[in-house]
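Structure below is final38.txt: compact mmCIF, C-alpha atoms.
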# COMPACT_ATOMS: atom_id res chain seq x y z
CA MET A 1 -26.58 25.70 -136.13
CA SER A 2 -25.84 28.15 -133.36
CA VAL A 3 -23.08 27.86 -130.81
CA SER A 4 -25.53 27.81 -127.90
CA SER A 5 -27.40 24.79 -129.15
CA THR A 6 -24.12 22.89 -129.45
CA PHE A 7 -23.28 23.73 -125.87
CA SER A 8 -26.68 22.71 -124.61
CA GLU A 9 -26.11 19.28 -126.09
CA ILE A 10 -22.73 19.01 -124.40
CA THR A 11 -23.71 20.35 -120.98
CA HIS A 12 -26.81 18.23 -120.58
CA PRO A 13 -25.74 14.62 -120.50
CA PRO A 14 -28.34 12.00 -119.75
CA ALA A 15 -29.19 11.89 -116.06
CA PRO A 16 -27.18 9.14 -114.35
CA GLU A 17 -29.03 6.40 -112.60
CA ILE A 18 -28.34 7.10 -108.94
CA HIS A 19 -30.89 4.88 -107.27
CA ALA A 20 -30.76 1.15 -106.87
CA SER A 21 -32.91 -0.28 -109.58
CA HIS A 22 -35.89 -2.22 -108.36
CA ASP A 23 -36.59 -4.10 -111.53
CA VAL A 24 -33.52 -6.28 -111.83
CA HIS A 25 -32.92 -7.87 -108.47
CA ASP A 26 -35.01 -8.16 -105.35
CA HIS A 27 -33.83 -6.50 -102.19
CA PRO A 28 -34.79 -7.21 -98.57
CA PHE A 29 -37.46 -5.09 -96.86
CA TYR A 30 -34.97 -3.43 -94.51
CA GLN A 31 -32.71 -2.15 -97.28
CA ARG A 32 -33.10 1.60 -97.59
CA HIS A 33 -33.54 3.09 -101.02
CA HIS A 34 -30.23 4.95 -101.08
CA PHE A 35 -28.16 1.80 -100.66
CA GLU A 36 -27.13 -0.26 -103.62
CA THR A 37 -27.08 -3.54 -101.72
CA ALA A 38 -27.98 -4.79 -98.25
CA GLU A 39 -24.30 -5.55 -97.70
CA GLN A 40 -23.42 -1.92 -98.44
CA GLN A 41 -26.05 -0.77 -95.93
CA ARG A 42 -24.65 -3.15 -93.31
CA GLU A 43 -21.13 -1.86 -93.91
CA ALA A 44 -22.27 1.76 -93.64
CA ALA A 45 -24.13 1.02 -90.37
CA GLY A 46 -21.10 -0.69 -88.83
CA PHE A 47 -18.77 2.09 -89.97
CA GLY A 48 -21.07 4.74 -88.49
CA MET A 49 -21.23 2.85 -85.19
CA TRP A 50 -17.44 2.67 -85.05
CA LEU A 51 -17.16 6.42 -85.66
CA PHE A 52 -19.45 6.95 -82.66
CA LEU A 53 -17.33 4.57 -80.57
CA LEU A 54 -14.20 6.57 -81.50
CA THR A 55 -15.79 9.65 -79.92
CA GLU A 56 -16.41 7.46 -76.87
CA ILE A 57 -12.74 6.46 -76.79
CA MET A 58 -11.80 10.14 -76.72
CA PHE A 59 -14.45 10.86 -74.07
CA PHE A 60 -13.31 8.13 -71.66
CA GLY A 61 -9.73 8.82 -72.77
CA GLY A 62 -9.78 12.26 -71.14
CA LEU A 63 -10.73 10.66 -67.82
CA PHE A 64 -7.99 8.03 -68.17
CA MET A 65 -5.48 10.81 -68.96
CA ALA A 66 -6.52 12.71 -65.79
CA TYR A 67 -6.20 9.48 -63.82
CA LEU A 68 -2.68 8.87 -65.18
CA LEU A 69 -1.45 12.34 -64.18
CA TYR A 70 -2.99 12.45 -60.69
CA ARG A 71 -1.84 8.92 -59.95
CA ASN A 72 1.70 10.09 -60.67
CA TRP A 73 1.33 13.16 -58.47
CA TYR A 74 -0.50 11.62 -55.50
CA TYR A 75 0.57 7.99 -55.72
CA ASP A 76 0.39 7.27 -51.95
CA ALA A 77 -3.09 8.78 -51.68
CA PHE A 78 -4.22 6.70 -54.66
CA VAL A 79 -2.82 3.51 -53.10
CA ALA A 80 -4.50 4.12 -49.73
CA ALA A 81 -7.85 5.13 -51.24
CA SER A 82 -7.78 2.26 -53.75
CA ASN A 83 -7.11 -0.25 -50.95
CA SER A 84 -10.34 0.87 -49.25
CA ILE A 85 -12.37 -0.45 -52.19
CA SER A 86 -13.58 -4.05 -52.18
CA VAL A 87 -11.69 -6.29 -54.62
CA PRO A 88 -14.18 -9.21 -54.30
CA MET A 89 -17.03 -6.93 -55.39
CA GLY A 90 -14.99 -5.51 -58.25
CA LEU A 91 -13.89 -8.98 -59.36
CA THR A 92 -17.48 -10.27 -59.22
CA ASN A 93 -18.61 -7.31 -61.30
CA THR A 94 -15.85 -7.91 -63.85
CA ILE A 95 -16.94 -11.55 -64.23
CA VAL A 96 -20.62 -10.47 -64.49
CA LEU A 97 -19.79 -7.92 -67.19
CA ILE A 98 -17.61 -10.27 -69.26
CA THR A 99 -20.35 -12.90 -69.05
CA SER A 100 -22.87 -10.32 -70.27
CA SER A 101 -20.53 -9.60 -73.18
CA LEU A 102 -20.57 -13.32 -73.99
CA THR A 103 -24.38 -13.49 -73.89
CA MET A 104 -24.56 -10.37 -76.11
CA ALA A 105 -22.16 -11.92 -78.63
CA MET A 106 -24.26 -15.11 -78.57
CA GLY A 107 -27.32 -12.91 -79.15
CA VAL A 108 -25.73 -11.51 -82.30
CA TRP A 109 -25.01 -15.07 -83.42
CA ALA A 110 -28.64 -16.10 -82.72
CA ALA A 111 -29.89 -13.19 -84.83
CA GLU A 112 -27.50 -14.15 -87.63
CA VAL A 113 -28.74 -17.75 -87.69
CA LYS A 114 -32.33 -16.40 -87.46
CA ASN A 115 -33.26 -18.13 -84.20
CA LYS A 116 -35.78 -15.83 -82.51
CA LYS A 117 -36.15 -17.82 -79.28
CA LEU A 118 -32.38 -18.00 -78.70
CA LEU A 119 -32.00 -14.31 -79.54
CA GLN A 120 -34.58 -13.38 -76.91
CA ILE A 121 -33.01 -15.68 -74.31
CA PHE A 122 -29.57 -14.14 -74.84
CA LEU A 123 -30.88 -10.55 -74.86
CA LEU A 124 -32.78 -11.24 -71.63
CA ALA A 125 -29.67 -12.81 -70.06
CA THR A 126 -27.72 -9.67 -71.00
CA VAL A 127 -30.38 -7.46 -69.37
CA VAL A 128 -30.29 -9.56 -66.18
CA LEU A 129 -26.47 -9.48 -66.01
CA GLY A 130 -26.53 -5.72 -66.66
CA PHE A 131 -28.88 -5.23 -63.71
CA ALA A 132 -26.69 -7.52 -61.58
CA PHE A 133 -23.69 -5.33 -62.38
CA LEU A 134 -25.58 -2.16 -61.43
CA GLY A 135 -26.83 -3.82 -58.23
CA ILE A 136 -23.31 -4.70 -57.08
CA LYS A 137 -22.16 -1.21 -58.09
CA THR A 138 -24.92 0.27 -55.91
CA GLY A 139 -23.63 -1.82 -53.00
CA GLU A 140 -20.13 -0.43 -53.52
CA TYR A 141 -21.43 3.14 -53.69
CA TYR A 142 -23.44 2.55 -50.51
CA ASP A 143 -20.27 1.46 -48.67
CA LYS A 144 -18.45 4.58 -49.82
CA PHE A 145 -21.28 6.82 -48.60
CA ALA A 146 -21.30 5.00 -45.24
CA GLU A 147 -17.51 5.49 -44.90
CA HIS A 148 -17.72 9.21 -45.83
CA HIS A 149 -15.46 8.57 -48.80
CA VAL A 150 -17.63 10.47 -51.29
CA PRO A 151 -16.09 13.79 -52.39
CA GLY A 152 -18.04 16.74 -51.04
CA ALA A 153 -19.00 18.42 -47.79
CA SER A 154 -19.06 15.22 -45.71
CA PHE A 155 -15.80 13.81 -47.09
CA SER A 156 -13.62 12.52 -44.26
CA ILE A 157 -9.88 11.78 -44.36
CA ALA A 158 -9.93 10.25 -40.86
CA ASP A 159 -9.51 6.68 -42.20
CA PHE A 160 -6.36 7.68 -44.06
CA VAL A 161 -4.70 9.80 -41.33
CA ASN A 162 -5.54 7.31 -38.55
CA PRO A 163 -6.12 3.90 -40.12
CA PRO A 164 -8.55 1.78 -38.10
CA ALA A 165 -6.99 -0.78 -35.76
CA GLY A 166 -6.19 -4.07 -37.48
CA SER A 167 -5.80 -2.53 -40.91
CA LYS A 168 -2.58 -3.02 -42.84
CA GLU A 169 -2.62 0.62 -43.98
CA LYS A 170 0.19 2.99 -43.13
CA PRO A 171 -1.07 6.40 -41.93
CA LEU A 172 -0.80 9.14 -44.53
CA PRO A 173 0.51 12.64 -43.79
CA MET A 174 -2.29 15.21 -43.68
CA ASP A 175 -1.56 16.88 -47.05
CA MET A 176 -1.36 13.54 -48.88
CA ALA A 177 -4.48 12.22 -47.11
CA LYS A 178 -6.43 15.20 -48.46
CA LYS A 179 -5.56 14.06 -51.97
CA THR A 180 -7.55 10.84 -51.53
CA GLU A 181 -10.52 13.06 -52.47
CA VAL A 182 -8.95 13.38 -55.95
CA TYR A 183 -8.89 9.59 -56.26
CA PHE A 184 -12.51 9.27 -55.18
CA SER A 185 -13.55 12.07 -57.56
CA LEU A 186 -12.03 10.09 -60.43
CA TYR A 187 -13.47 6.84 -59.05
CA PHE A 188 -17.01 8.22 -59.02
CA ALA A 189 -16.62 10.07 -62.33
CA MET A 190 -15.26 7.04 -64.18
CA THR A 191 -17.45 4.32 -62.68
CA GLY A 192 -20.43 6.70 -62.72
CA VAL A 193 -20.12 7.49 -66.42
CA HIS A 194 -19.56 3.79 -67.06
CA ALA A 195 -22.69 2.93 -65.07
CA LEU A 196 -24.64 5.57 -67.02
CA HIS A 197 -23.58 3.80 -70.22
CA MET A 198 -24.85 0.54 -68.70
CA ILE A 199 -28.22 2.13 -67.82
CA ILE A 200 -28.62 3.51 -71.36
CA GLY A 201 -27.53 0.13 -72.74
CA ILE A 202 -30.08 -1.78 -70.66
CA ALA A 203 -32.84 0.62 -71.79
CA ILE A 204 -31.93 0.02 -75.46
CA LEU A 205 -31.70 -3.73 -74.79
CA ILE A 206 -35.25 -3.77 -73.43
CA VAL A 207 -36.48 -1.96 -76.57
CA LEU A 208 -34.61 -4.46 -78.77
CA LEU A 209 -36.06 -7.35 -76.75
CA TRP A 210 -39.56 -5.92 -77.18
CA LYS A 211 -39.17 -5.36 -80.91
CA SER A 212 -37.59 -8.79 -81.45
CA ASN A 213 -41.04 -10.25 -80.70
CA SER A 214 -42.12 -9.34 -84.23
CA GLY A 215 -39.26 -11.42 -85.63
CA VAL A 216 -37.79 -8.40 -87.41
CA TYR A 217 -34.22 -9.08 -86.19
CA THR A 218 -34.33 -12.76 -87.09
CA SER A 219 -35.24 -12.18 -90.72
CA GLY A 220 -31.74 -11.23 -91.87
CA TYR A 221 -31.98 -7.67 -90.48
CA VAL A 222 -29.11 -8.04 -88.02
CA GLN A 223 -27.64 -4.51 -88.00
CA PRO A 224 -29.50 -3.13 -84.94
CA ILE A 225 -28.49 -6.16 -82.85
CA GLU A 226 -24.94 -6.12 -84.17
CA ASN A 227 -24.47 -2.37 -83.62
CA PHE A 228 -25.84 -2.61 -80.10
CA GLY A 229 -23.42 -5.50 -79.55
CA LEU A 230 -20.55 -3.18 -80.53
CA TYR A 231 -21.77 -0.64 -77.94
CA TRP A 232 -22.06 -3.25 -75.19
CA HIS A 233 -18.62 -4.73 -75.89
CA PHE A 234 -17.12 -1.25 -75.89
CA VAL A 235 -18.55 -0.60 -72.41
CA ASP A 236 -17.02 -3.95 -71.42
CA ILE A 237 -13.60 -2.81 -72.70
CA VAL A 238 -13.82 0.39 -70.63
CA TRP A 239 -14.42 -1.72 -67.52
CA ILE A 240 -11.52 -4.05 -68.44
CA PHE A 241 -9.26 -1.01 -67.92
CA LEU A 242 -11.16 0.55 -65.00
CA PHE A 243 -10.98 -2.60 -62.87
CA PRO A 244 -7.18 -2.86 -62.52
CA PHE A 245 -6.67 0.92 -62.50
CA LEU A 246 -9.17 1.73 -59.75
CA TYR A 247 -9.22 -1.46 -57.67
CA LEU A 248 -5.77 -3.00 -57.85
CA ILE A 249 -3.19 -0.24 -57.27
CA ASN A 250 -0.39 -1.69 -55.10
CA ARG A 251 -2.48 -4.23 -53.21
CA HIS A 252 -0.88 -6.08 -50.33
CA MET B 253 -29.48 -4.59 -119.21
CA SER B 254 -31.91 -7.31 -118.32
CA GLU B 255 -30.49 -10.66 -117.44
CA LEU B 256 -33.96 -12.06 -116.99
CA GLN B 257 -35.19 -13.18 -120.35
CA LYS B 258 -38.43 -14.77 -121.35
CA THR B 259 -37.93 -18.16 -122.89
CA ASP B 260 -40.23 -19.64 -125.44
CA ASN B 261 -42.32 -21.52 -122.90
CA GLY B 262 -42.83 -18.39 -120.80
CA GLU B 263 -40.59 -19.36 -117.89
CA GLN B 264 -38.14 -16.85 -116.54
CA ALA B 265 -34.60 -18.03 -116.98
CA ILE B 266 -31.37 -16.34 -116.18
CA ALA B 267 -29.20 -16.10 -119.21
CA LEU B 268 -26.10 -18.25 -119.38
CA SER B 269 -25.77 -18.99 -115.66
CA ASN B 270 -27.85 -19.01 -112.52
CA LYS B 271 -25.31 -17.02 -110.50
CA PRO B 272 -26.56 -13.79 -108.89
CA VAL B 273 -25.80 -10.69 -110.94
CA ASP B 274 -26.02 -6.97 -110.23
CA ARG B 275 -27.79 -4.53 -112.51
CA HIS B 276 -24.74 -4.20 -114.73
CA GLY B 277 -24.71 -7.91 -115.30
CA ALA B 278 -21.57 -8.47 -113.22
CA ASN B 279 -21.43 -11.62 -111.16
CA LEU B 280 -21.96 -10.81 -107.46
CA ASP B 281 -19.95 -13.85 -106.47
CA TYR B 282 -16.92 -12.48 -108.22
CA HIS B 283 -14.33 -11.66 -105.60
CA ASP B 284 -11.60 -9.21 -106.51
CA ALA B 285 -8.92 -9.73 -103.86
CA GLY B 286 -7.04 -6.65 -105.04
CA ASN B 287 -9.96 -4.27 -104.68
CA VAL B 288 -9.33 -2.99 -101.17
CA VAL B 289 -11.39 0.20 -101.53
CA ASN B 290 -14.59 -1.69 -102.11
CA PRO B 291 -16.43 -1.65 -98.76
CA GLU B 292 -18.28 -4.78 -99.76
CA HIS B 293 -14.97 -6.55 -100.11
CA ILE B 294 -15.69 -8.92 -97.23
CA ALA B 295 -18.89 -10.86 -97.03
CA HIS B 296 -20.82 -11.21 -93.78
CA HIS B 297 -18.94 -13.67 -91.59
CA ILE B 298 -20.78 -15.39 -88.76
CA VAL B 299 -18.54 -16.04 -85.74
CA SER B 300 -19.36 -19.38 -84.16
CA PRO B 301 -20.44 -19.87 -80.51
CA VAL B 302 -17.40 -22.11 -80.00
CA MET B 303 -15.16 -19.16 -80.85
CA TYR B 304 -17.13 -16.87 -78.51
CA LEU B 305 -16.77 -19.38 -75.66
CA ALA B 306 -13.02 -19.67 -76.30
CA ILE B 307 -12.65 -15.87 -76.13
CA PHE B 308 -14.75 -15.84 -72.95
CA GLY B 309 -12.29 -18.35 -71.45
CA VAL B 310 -9.35 -16.15 -72.41
CA LEU B 311 -11.02 -13.11 -70.82
CA MET B 312 -11.75 -15.02 -67.60
CA ILE B 313 -8.14 -16.24 -67.34
CA GLY B 314 -6.98 -12.67 -67.98
CA THR B 315 -9.24 -11.32 -65.23
CA LEU B 316 -8.00 -13.83 -62.65
CA ALA B 317 -4.38 -13.21 -63.74
CA THR B 318 -4.88 -9.46 -63.25
CA VAL B 319 -6.00 -9.99 -59.66
CA GLY B 320 -3.28 -12.58 -59.00
CA PHE B 321 -0.46 -10.39 -60.30
CA ALA B 322 -1.79 -7.39 -58.35
CA TYR B 323 -0.91 -9.13 -55.06
CA LEU B 324 2.66 -10.01 -56.13
CA PRO B 325 5.34 -7.54 -55.04
CA LEU B 326 6.59 -6.50 -58.50
CA GLY B 327 7.18 -2.83 -57.74
CA PRO B 328 6.71 -0.63 -60.80
CA PHE B 329 6.01 -3.71 -62.93
CA ASN B 330 2.62 -4.21 -61.24
CA ALA B 331 1.12 -1.41 -63.31
CA ALA B 332 2.91 -2.54 -66.47
CA VAL B 333 1.61 -6.12 -66.10
CA ALA B 334 -1.94 -4.87 -65.37
CA ILE B 335 -1.92 -2.65 -68.47
CA ALA B 336 -0.46 -5.42 -70.63
CA ILE B 337 -3.17 -7.89 -69.54
CA ALA B 338 -5.94 -5.30 -69.98
CA CYS B 339 -4.69 -4.41 -73.49
CA THR B 340 -4.55 -8.11 -74.44
CA LYS B 341 -8.12 -8.62 -73.20
CA ALA B 342 -9.30 -5.53 -75.09
CA VAL B 343 -7.66 -6.77 -78.31
CA PHE B 344 -9.49 -10.10 -77.99
CA VAL B 345 -12.81 -8.34 -77.41
CA VAL B 346 -12.30 -6.00 -80.38
CA LEU B 347 -11.13 -8.72 -82.77
CA PHE B 348 -13.70 -11.41 -81.98
CA PHE B 349 -16.66 -10.12 -79.95
CA MET B 350 -16.70 -6.97 -82.11
CA HIS B 351 -15.92 -8.93 -85.30
CA VAL B 352 -13.11 -6.61 -86.41
CA LYS B 353 -11.00 -9.59 -87.47
CA TYR B 354 -13.70 -10.41 -90.03
CA SER B 355 -14.49 -6.81 -91.00
CA SER B 356 -13.51 -4.83 -94.08
CA ARG B 357 -10.31 -2.83 -94.21
CA LEU B 358 -12.38 0.33 -93.87
CA VAL B 359 -13.54 -0.73 -90.39
CA LYS B 360 -10.10 -2.06 -89.43
CA LEU B 361 -8.45 1.25 -90.36
CA THR B 362 -11.16 3.19 -88.52
CA VAL B 363 -10.59 1.22 -85.30
CA VAL B 364 -6.80 1.40 -85.50
CA SER B 365 -6.82 5.14 -86.28
CA GLY B 366 -9.08 5.78 -83.27
CA PHE B 367 -6.85 4.01 -80.78
CA PHE B 368 -3.74 5.47 -82.44
CA THR B 369 -5.11 9.04 -82.13
CA PHE B 370 -5.89 8.43 -78.46
CA LEU B 371 -2.35 7.14 -77.92
CA VAL B 372 -0.88 10.24 -79.62
CA LEU B 373 -2.94 12.53 -77.36
CA VAL B 374 -1.78 10.69 -74.21
CA ILE B 375 1.88 10.68 -75.30
CA MET B 376 1.77 14.40 -76.12
CA SER B 377 0.12 15.28 -72.79
CA MET B 378 2.54 13.11 -70.82
CA SER B 379 5.64 14.45 -72.59
CA ASP B 380 4.50 17.97 -71.69
CA TYR B 381 3.99 16.91 -68.08
CA ILE B 382 7.35 15.12 -67.83
CA SER B 383 9.36 17.89 -69.48
CA ARG B 384 7.99 20.84 -67.45
CA ALA B 385 10.64 20.57 -64.74
CA TRP B 386 13.26 19.08 -67.05
CA GLY B 387 16.73 19.23 -65.48
CA GLN B 388 15.54 20.61 -62.14
CA TRP B 389 15.30 17.28 -60.39

For the file at hand, write its structure as structure tokens.
Amino acid sequence: MSVSSTFSEITHPPAPEIHASHDVHDHPFYQRHHFETAEQQREAAGFGMWLFLLTEIMFFGGLFMAYLLYRNWYYDAFVAASNSISVPMGLTNTIVLITSSLTMAMGVWAAEVKNKKLLQIFLLATVVLGFAFLGIKTGEYYDKFAEHHVPGASFSIADFVNPPAGSKEKPLPMDMAKKTEVYFSLYFAMTGVHALHMIIGIAILIVLLWKSNSGVYTSGYVQPIENFGLYWHFVDIVWIFLFPFLYLINRH
Amino acid sequence: MSELQKTDNGEQAIALSNKPVDRHGANLDYHDAGNVVNPEHIAHHIVSPVMYLAIFGVLMIGTLATVGFAYLPLGPFNAAVAIAIACTKAVFVVLFFMHVKYSSRLVKLTVVSGFFTFLVLVIMSMSDYISRAWGQW
């Protein structure tokens, strides 16, 4: 018996079974082959979604960090510019968005209890509320364009140097008034990126709504609905911070 | 290996018990409370609509409180109160709407580490900003 044959016995153990066996227990149609159980697949999907949301926290976080610094530097400009934005519209939008979060959460519940009709009703309600949010947002943007409060060539500081008659605003010195453009840059960057997330979310919602017709999400295959729910609630959380930061600085 | 055995009359019967078993014959219902590294540690928990409605109520009250407090003359505390309310609302959304309260420790740690890392980055940036003109005020 040679040495090499001994080694070949040692170095070639029987191949381990790395795939879920199909012969012992049934598995649902949506379970991919490389997962041991459907529960493991669900856990992996949720974990992956959360990792994506962490990158989103860092992404929005940079904007919040910039906001924090500039608010400290140009506080008076931020107060004056913030007071020119409509609180009733912002409040309405906050209520619309939180309600859409509720309908999305109810949609996840409907998918979990395998009620296709309810799932479609709640997904549709979320789409409608998402469009309502974007509609109100468009109204706000329109006002800003009309007032020449959009950063760029036609930006005007006239309202902040000489407040219109009847307004409670104190006039800002020229150098501070110029810094209102910094506030509006952050306002449009933050609400704009948030609105972009809403647009992407509504597009995905419509696809989910379409595909839910086949009953695929009400058969126990809840992950796509649940992961989209995580995305939608995250966008809601971003707005929960944007609303007081951008709309409610030192109101009077 | 096989828990499914043919009985004499040809019917399939699960040996010894009718509890679900994995391919190693271990009972899937068996719950090891000490095994925190097992990602399947927590079974799928369905949050009830009643709970969702309660959280919705909390969020609505928080929203109205944010607006209400914004018009009170609290000086520097206006921002502190606004941030405190927003953080409370966010925690409710994360725990219940996003099911983190009922998730595995893997997901809980992932969420906490994300927000913690963000906090560290903000604190480091702000301490740089605050200390640049240290002593020259």

Legend entry - Contact residues around Ala338 of chain B with only C-alpha atoms at 12 Å, ignoring same-chain residues under 5 positions, as a list in words: Thr94, Asp236, Ile237, Val238, Trp239, Ile240, Phe241, Leu242, Phe243, Pro244 and Phe245 of chain A; Val310, Leu311, Met312, Ile313, Gly314, Thr315, Leu316, Ala317, Thr318, Val319, Ala331, Ala332, Val333, Val343, Phe344 and Val345 of chain B

Residue subset to file, keeping C-alpha atoms, as a compact mmCIF listing (two decimals), keeping the file's coordinate frame:
# COMPACT_ATOMS: atom_id res chain seq x y z
CA THR A 94 -15.85 -7.91 -63.85
CA ASP A 236 -17.02 -3.95 -71.42
CA ILE A 237 -13.60 -2.81 -72.70
CA VAL A 238 -13.82 0.39 -70.63
CA TRP A 239 -14.42 -1.72 -67.52
CA ILE A 240 -11.52 -4.05 -68.44
CA PHE A 241 -9.26 -1.01 -67.92
CA LEU A 242 -11.16 0.55 -65.00
CA PHE A 243 -10.98 -2.60 -62.87
CA PRO A 244 -7.18 -2.86 -62.52
CA PHE A 245 -6.67 0.92 -62.50
CA VAL B 310 -9.35 -16.15 -72.41
CA LEU B 311 -11.02 -13.11 -70.82
CA MET B 312 -11.75 -15.02 -67.60
CA ILE B 313 -8.14 -16.24 -67.34
CA GLY B 314 -6.98 -12.67 -67.98
CA THR B 315 -9.24 -11.32 -65.23
CA LEU B 316 -8.00 -13.83 -62.65
CA ALA B 317 -4.38 -13.21 -63.74
CA THR B 318 -4.88 -9.46 -63.25
CA VAL B 319 -6.00 -9.99 -59.66
CA ALA B 331 1.12 -1.41 -63.31
CA ALA B 332 2.91 -2.54 -66.47
CA VAL B 333 1.61 -6.12 -66.10
CA VAL B 343 -7.66 -6.77 -78.31
CA PHE B 344 -9.49 -10.10 -77.99
CA VAL B 345 -12.81 -8.34 -77.41

Legend entry - All residues 10 Å or closer to segment 170-185 of chain A, all atoms listed in the file, same chain fewer than 2 positions away omitted, as a ChimeraX atom specification: /A:67,70-71,73-82,144,149-152,155-164,167-168,187-190,246

Inset, instruction - Could you please determine the separation between atom CA of Ser383 of chain B and atom CA of Gly61 of chain A in Å, to one decimal place? - result: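 Result for atom CA of Ser383 of chain B versus atom CA of Gly61 of chain A: 21.4 Å, one decimal.
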
Inset, instruction - Write down, as a PyMOL selection string, each residue of chain A that has any atom within 6 Å of an atom of chain B, counting only C-alpha atoms. - result: chain A and resi 47+54+105+230+237+240-241+248+251-252

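Taking atom CA of Glu43 of chain A and atom CA of Met104 of chain A as the two end points, the separation is 20.0 Å.
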
Inset, instruction - Work out how far atom CA of Ala66 of chain A is from atom CA of Ser84 of chain A, in Å to one decimal. - result: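 Those two atoms sit 20.7 Å apart.
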
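For the set A:Gly229, A:Gly201, A:Gly220, A:Gly192, the residue with the smallest atom-to-atom gap to Leu63 of chain A is A:Gly192, counting only C-alpha atoms.
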
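With all atoms listed in the file as the atoms that count, the residue of A:Ile57, A:Leu68, A:Tyr221, A:Tyr30 with the shortest distance to Leu186 of chain A is A:Leu68.
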
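With all atoms listed in the file as the basis for measurement, A:Leu123 is the residue among A:Val128, A:Ala165, A:Leu123, A:Leu134 that approaches Asn213 of chain A most closely.
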
Legend entry - Residues within 12 Å of (-27.0, -7.3, -59.8), counting only C-alpha atoms, listed as a list in words: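 It turns out the residues near that spot are Met89, Thr92, Asn93, Thr94, Ile95, Val96, Leu97, Ser100, Ala125, Thr126, Val127, Val128, Leu129, Gly130, Phe131, Ala132, Phe133, Leu134, Gly135, Ile136, Lys137, Thr138, Gly139 and Glu140 of chain A.
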
Legend entry - Option closest in space to Ile206 of chain A, from A:Leu124, A:Val193, A:Leu53, A:Trp232 [counting only C-alpha atoms]: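 Between A:Leu124, A:Val193, A:Leu53, A:Trp232, the residue approaching Ile206 of chain A most closely is A:Leu124.
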
Could you add whatever atoms are missing so that segment 216-220 of chain A carries all heavy atoms, then write the result as a compact mmCIF listing (two decimals), in the frame of the given file?
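Output (result_25.txt):
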# COMPACT_ATOMS: atom_id res chain seq x y z
N VAL A 216 -38.45 -9.26 -86.43
CA VAL A 216 -37.79 -8.40 -87.41
C VAL A 216 -36.27 -8.62 -87.43
O VAL A 216 -35.63 -8.53 -88.48
CB VAL A 216 -38.15 -6.91 -87.17
CG1 VAL A 216 -37.58 -6.43 -85.84
CG2 VAL A 216 -37.66 -6.04 -88.30
N TYR A 217 -35.68 -8.93 -86.25
CA TYR A 217 -34.22 -9.08 -86.19
C TYR A 217 -33.77 -10.49 -86.55
O TYR A 217 -32.58 -10.77 -86.58
CB TYR A 217 -33.71 -8.72 -84.79
CG TYR A 217 -34.07 -7.31 -84.39
CD1 TYR A 217 -34.65 -7.05 -83.16
CD2 TYR A 217 -33.84 -6.25 -85.26
CE1 TYR A 217 -35.00 -5.76 -82.80
CE2 TYR A 217 -34.19 -4.95 -84.91
CZ TYR A 217 -34.77 -4.72 -83.69
OH TYR A 217 -35.10 -3.45 -83.34
N THR A 218 -34.70 -11.39 -86.75
CA THR A 218 -34.33 -12.76 -87.09
C THR A 218 -34.77 -13.07 -88.52
O THR A 218 -35.06 -14.21 -88.88
CB THR A 218 -34.95 -13.76 -86.10
OG1 THR A 218 -36.24 -13.29 -85.71
CG2 THR A 218 -34.08 -13.90 -84.88
N SER A 219 -34.85 -12.01 -89.33
CA SER A 219 -35.24 -12.18 -90.72
C SER A 219 -34.08 -11.83 -91.65
O SER A 219 -34.25 -11.68 -92.85
CB SER A 219 -36.41 -11.26 -91.03
OG SER A 219 -36.00 -9.92 -90.80
N GLY A 220 -32.88 -11.67 -91.08
CA GLY A 220 -31.74 -11.23 -91.87
C GLY A 220 -31.36 -9.80 -91.55
O GLY A 220 -30.29 -9.33 -91.95
